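Colleague: You'll find coords-v8.pdb just under this line, and it carries PDB, C-alpha atoms, pLDDT in the B column.
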```pdb
ATOM      1  CA  MET P   1     -21.719 -18.094  75.886  1.00 46.00           C
ATOM      2  CA  ALA P   2     -18.145 -16.721  75.934  1.00 48.00           C
ATOM      3  CA  MET P   3     -17.044 -19.578  73.683  1.00 51.00           C
ATOM      4  CA  ALA P   4     -19.574 -18.528  71.055  1.00 55.00           C
ATOM      5  CA  ASN P   5     -18.201 -14.977  71.132  1.00 59.00           C
ATOM      6  CA  VAL P   6     -14.641 -16.223  70.681  1.00 63.00           C
ATOM      7  CA  ASP P   7     -15.680 -18.425  67.759  1.00 84.00           C
ATOM      8  CA  LYS P   8     -17.587 -15.542  66.192  1.00 84.00           C
ATOM      9  CA  GLY P   9     -14.589 -13.225  66.655  1.00 83.00           C
ATOM     10  CA  GLU P  10     -12.200 -15.759  65.161  1.00 88.00           C
ATOM     11  CA  LEU P  11     -14.547 -16.294  62.240  1.00 89.00           C
ATOM     12  CA  MET P  12     -14.755 -12.536  61.625  1.00 89.00           C
ATOM     13  CA  ASP P  13     -10.957 -12.280  61.720  1.00 88.00           C
ATOM     14  CA  GLN P  14     -10.660 -15.090  59.180  1.00 91.00           C
ATOM     15  CA  VAL P  15     -13.207 -13.451  56.892  1.00 92.00           C
ATOM     16  CA  LYS P  16     -11.404 -10.104  57.154  1.00 89.00           C
ATOM     17  CA  GLN P  17      -8.112 -11.817  56.346  1.00 92.00           C
ATOM     18  CA  GLN P  18      -9.621 -13.567  53.317  1.00 94.00           C
ATOM     19  CA  ILE P  19     -11.054 -10.272  52.077  1.00 92.00           C
ATOM     20  CA  ALA P  20      -7.657  -8.601  52.487  1.00 89.00           C
ATOM     21  CA  VAL P  21      -5.979 -11.385  50.483  1.00 93.00           C
ATOM     22  CA  ALA P  22      -8.622 -11.136  47.750  1.00 93.00           C
ATOM     23  CA  ASN P  23      -8.164  -7.355  47.601  1.00 89.00           C
ATOM     24  CA  ALA P  24      -4.383  -7.721  47.337  1.00 90.00           C
ATOM     25  CA  GLN P  25      -4.771 -10.287  44.539  1.00 94.00           C
ATOM     26  CA  GLU P  26      -7.153  -7.991  42.665  1.00 93.00           C
ATOM     27  CA  LEU P  27      -4.770  -5.055  43.075  1.00 90.00           C
ATOM     28  CA  LEU P  28      -1.887  -7.108  41.722  1.00 93.00           C
ATOM     29  CA  ASN P  29      -3.998  -8.369  38.821  1.00 95.00           C
ATOM     30  CA  GLN P  30      -5.141  -4.863  37.841  1.00 94.00           C
ATOM     31  CA  MET P  31      -1.646  -3.437  38.148  1.00 94.00           C
ATOM     32  CA  THR P  32      -0.166  -6.252  36.052  1.00 94.00           C
ATOM     33  CA  GLN P  33      -2.752  -5.864  33.301  1.00 95.00           C
ATOM     34  CA  LYS P  34      -2.541  -2.072  33.113  1.00 96.00           C
ATOM     35  CA  CYS P  35       1.248  -1.848  33.247  1.00 96.00           C
ATOM     36  CA  PHE P  36       1.789  -4.719  30.803  1.00 95.00           C
ATOM     37  CA  LYS P  37      -0.638  -3.178  28.323  1.00 96.00           C
ATOM     38  CA  LYS P  38       1.008   0.243  28.686  1.00 96.00           C
ATOM     39  CA  CYS P  39       4.648  -0.837  28.636  1.00 96.00           C
ATOM     40  CA  VAL P  40       5.072  -4.016  26.584  1.00 95.00           C
ATOM     41  CA  ASN P  41       4.591  -3.508  22.853  1.00 91.00           C
ATOM     42  CA  LYS P  42       5.888  -6.850  21.600  1.00 90.00           C
ATOM     43  CA  PRO P  43       5.753  -9.677  24.139  1.00 89.00           C
ATOM     44  CA  GLY P  44       8.843 -11.875  23.984  1.00 91.00           C
ATOM     45  CA  THR P  45      11.047 -14.016  26.150  1.00 94.00           C
ATOM     46  CA  SER P  46      12.397 -11.051  28.124  1.00 94.00           C
ATOM     47  CA  LEU P  47      11.848  -7.351  28.744  1.00 93.00           C
ATOM     48  CA  ASP P  48      14.233  -4.776  27.346  1.00 94.00           C
ATOM     49  CA  SER P  49      15.533  -2.024  29.618  1.00 95.00           C
ATOM     50  CA  SER P  50      12.942   0.566  28.526  1.00 96.00           C
ATOM     51  CA  GLU P  51      10.098  -1.895  29.201  1.00 96.00           C
ATOM     52  CA  GLN P  52      11.552  -2.716  32.614  1.00 96.00           C
ATOM     53  CA  LYS P  53      11.816   0.964  33.489  1.00 97.00           C
ATOM     54  CA  CYS P  54       8.282   1.666  32.233  1.00 97.00           C
ATOM     55  CA  ILE P  55       6.824  -1.232  34.234  1.00 96.00           C
ATOM     56  CA  SER P  56       8.681  -0.162  37.360  1.00 96.00           C
ATOM     57  CA  MET P  57       7.461   3.428  37.087  1.00 97.00           C
ATOM     58  CA  CYS P  58       3.925   2.299  36.209  1.00 97.00           C
ATOM     59  CA  MET P  59       3.781   0.014  39.248  1.00 95.00           C
ATOM     60  CA  ASP P  60       5.105   2.789  41.498  1.00 96.00           C
ATOM     61  CA  ARG P  61       2.463   5.238  40.238  1.00 96.00           C
ATOM     62  CA  PHE P  62      -0.271   2.624  40.539  1.00 94.00           C
ATOM     63  CA  MET P  63       0.686   1.816  44.131  1.00 93.00           C
ATOM     64  CA  ASP P  64       0.979   5.512  45.065  1.00 95.00           C
ATOM     65  CA  SER P  65      -2.489   6.144  43.651  1.00 93.00           C
ATOM     66  CA  TRP P  66      -3.937   3.095  45.383  1.00 90.00           C
ATOM     67  CA  ASN P  67      -2.412   4.126  48.725  1.00 92.00           C
ATOM     68  CA  LEU P  68      -3.802   7.653  48.391  1.00 94.00           C
ATOM     69  CA  ILE P  69      -7.272   6.352  47.561  1.00 92.00           C
ATOM     70  CA  SER P  70      -7.140   3.854  50.438  1.00 89.00           C
ATOM     71  CA  ARG P  71      -6.113   6.518  52.966  1.00 92.00           C
ATOM     72  CA  THR P  72      -8.794   8.918  51.735  1.00 94.00           C
ATOM     73  CA  TYR P  73     -11.464   6.213  51.842  1.00 90.00           C
ATOM     74  CA  GLY P  74     -10.380   5.173  55.349  1.00 88.00           C
ATOM     75  CA  GLN P  75     -10.567   8.763  56.564  1.00 92.00           C
ATOM     76  CA  ARG P  76     -14.006   9.161  55.035  1.00 91.00           C
ATOM     77  CA  LEU P  77     -15.236   6.001  56.773  1.00 87.00           C
ATOM     78  CA  GLN P  78     -13.880   7.240  60.100  1.00 89.00           C
ATOM     79  CA  ARG P  79     -15.632  10.592  59.687  1.00 89.00           C
ATOM     80  CA  GLU P  80     -18.918   8.897  58.824  1.00 87.00           C
ATOM     81  CA  GLN P  81     -18.641   6.491  61.775  1.00 86.00           C
ATOM     82  CA  SER P  82     -17.901   9.328  64.189  1.00 86.00           C
ATOM     83  CA  ASN P  83     -21.106  11.066  63.074  1.00 79.00           C
ATOM     84  CA  PHE P  84     -23.213   8.149  64.329  1.00 71.00           C
TER      85      PHE P  84
END
```
Let me see the structure of the file written as structure tokens.

Modeller:
Amino acid sequence: MAMANVDKGELMDQVKQQIAVANAQELLNQMTQKCFKKCVNKPGTSLDSSEQKCISMCMDRFMDSWNLISRTYGQRLQREQSNF
């Protein structure tokens, strides 16, 4: 019986890890698309300095926003779980 619990726990950990990886990939994909569209007017073989700066700032803002949303969502989940 204990073996089944360990296997179930390990399986849940693996699923959680896969979900985290998928979420990170989606975040990176969204950030890349949004910042590229915003900052790169004429795609070429390299980025000029203004494009590099724009992409850097865009990525920073995107990550700051994502972190704020994640923290707020996590706090909301904790509040809802404590009410049960």

Colleague: What does the structure give for the distance between CA of Leu27 in chain P and CA of Phe62 in chain P, in Å to one decimal?

Modeller: 9.3 Å

Colleague: How far is it from CA of Met59 in chain P to CA of Lys38 in chain P, in Å with one decimal?

Modeller: 10.9 Å

Colleague: For a test of reading the model, state the distance in Å between CA of Cys54 in chain P and CA of Val40 in chain P, rounded to one decimal.

Modeller: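 Between these atoms lies a distance of 8.6 Å.
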
Colleague: Can you pull out every residue within 12 Å of Lys53 in chain P, counting all atoms listed in the file, but drop anything in the same chain fewer than 4 positions away, and send it as a ChimeraX atom specification?

Modeller: /P:35-36,38-40,47-49,57-60

Colleague: Would you compute the box with edges along x, y and z of the file around range 48-52 of chain P, including every atom the file lists for it and 6 Å extra on each side, and give its centre and edge lengths in Å to one decimal, as JSON?

Modeller:
```
{"center_x": 12.8, "center_y": -2.1, "center_z": 30.0, "size_x": 17.4, "size_y": 17.3, "size_z": 17.3}
```

Colleague: Under the rule that all atoms listed in the file are counted, which of P:Ile19, P:Met12, P:Met31, P:Gln25 is the nearest residue to Ser65 in chain P?

Modeller: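 Looking only at the distances to Ser65 in chain P, the closest residue turns out to be P:Met31.
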